[in-house]
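As structure tokens, the structure follows; a few thoughts come after it.
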Amino acid sequence: MPPRRSTRATTKAASQSKLNFSNKITKPLPSRPNQKDKAVKLEEAITRTATPSPPPFSEPAPEQELSPAEVNAAKVSQAAINRYWKGIEDSRLAKEVHKKHGTGLGTGEKILRYFDVSSQFGPCVGITRLERWQRAERLGLNPPIEVLAVIVKEGRGEEKAHLDQLLSSTAIGERE
């Protein structure tokens with residue numbers, strides 16, 4: 001015979017407490033800015049929009065002054081650039097497997113592509129190689145001077161990363 005249930009009418013629903021909405025809210029209300037702060041912010045916004053800003057994509061001046069880093073990069077010899085690339089190749093744990101991808105590329109292009117895929121200098125998408133090198137320098141990431149030397153000597157300052165070109169292509173096989 002199955003066990004007998006108690007005749008008491010205590011169920012979980014009967015012993016559960018009821019919600020009470022008569023308590024006061026204990027969270028502090030956000031402070032409202034006074035009218036003076038609003039007026040100051042409004043004036044700042046007006047002055048920002050009233051002052052003409054230069055166009056975002058203006059043509060660079062034909063004779064720009066070179067930064068000290070670019071002057072030092074111009075002094076780097078081709079032999080130093082070749083030694084830098086040889087050091088990168090020697091530091092690799094495995095030999096180059098697909099040599100066909102590197103054929104036809106000069107040392108400068110190999111250095112720039114290596115710089116493109118080096119994530120320690122920040123993302124390379126949507127920014128030119130020169131801007132990326134300068135940003136890494138400003139952030140204290142110590143980008144190699146040889147990369148800047150290749151950019152300056154070969155006039156590739158406005159060129160975007162090879163990876164960026166691959167990612168921005170709209171169709172398969174639309175490589176440049």
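Each chain in the structure tokens gets a letter, A, B, ..., in the order shown, and its residues are numbered from 1; ligands are numbered from 1 in order too.
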task: Can you pull out every residue within 12 Å of Arg113 (chain A), counting only C-alpha atoms, but drop anything in the same chain fewer than 3 positions away, and send it as a ChimeraX atom specification?
output: /A:85,101-102,105-110,116-119,124,129,147,150-151,159-165
- prompt: Neighbours of Ala136 (chain A) within 9 Å (only C-alpha atoms; same-chain residues fewer than 6 positions away dropped), as a PyMOL selection string?
  reply: chain A and resi 120-122+142-143
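One distance worth recording is that between CA of Glu131 (chain A) and CA of Glu158 (chain A), which is 8.5 Å.
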task: Using backbone DSSP assignments, extract all helix (DSSP H, G or I) residues from region 66-152 of chain A; output them as an MDAnalysis selection string.
output: chainID A and resid 68:74 78:91 99:101 107:117 119:121 129:138 145:152
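Look at Glu146 (chain A): the protein and nucleic acid residues within 7 Å of it, using only C-alpha atoms and passing over chain neighbours fewer than 3 places away, are A:Ala73, A:Ile81, A:Ala149, A:Val150.
Across the structure, CA of Arg83 (chain A) and CA of Tyr114 (chain A) are spaced 14.7 Å apart.
CA of Gln78 (chain A) sits 22.8 Å away from CA of Glu96 (chain A).
In terms of minimum interatomic distance to Glu89 (chain A), A:Ile111 ranks closest within A:Ser17, A:Trp133, A:Glu44, A:Ile111, counting only C-alpha atoms.
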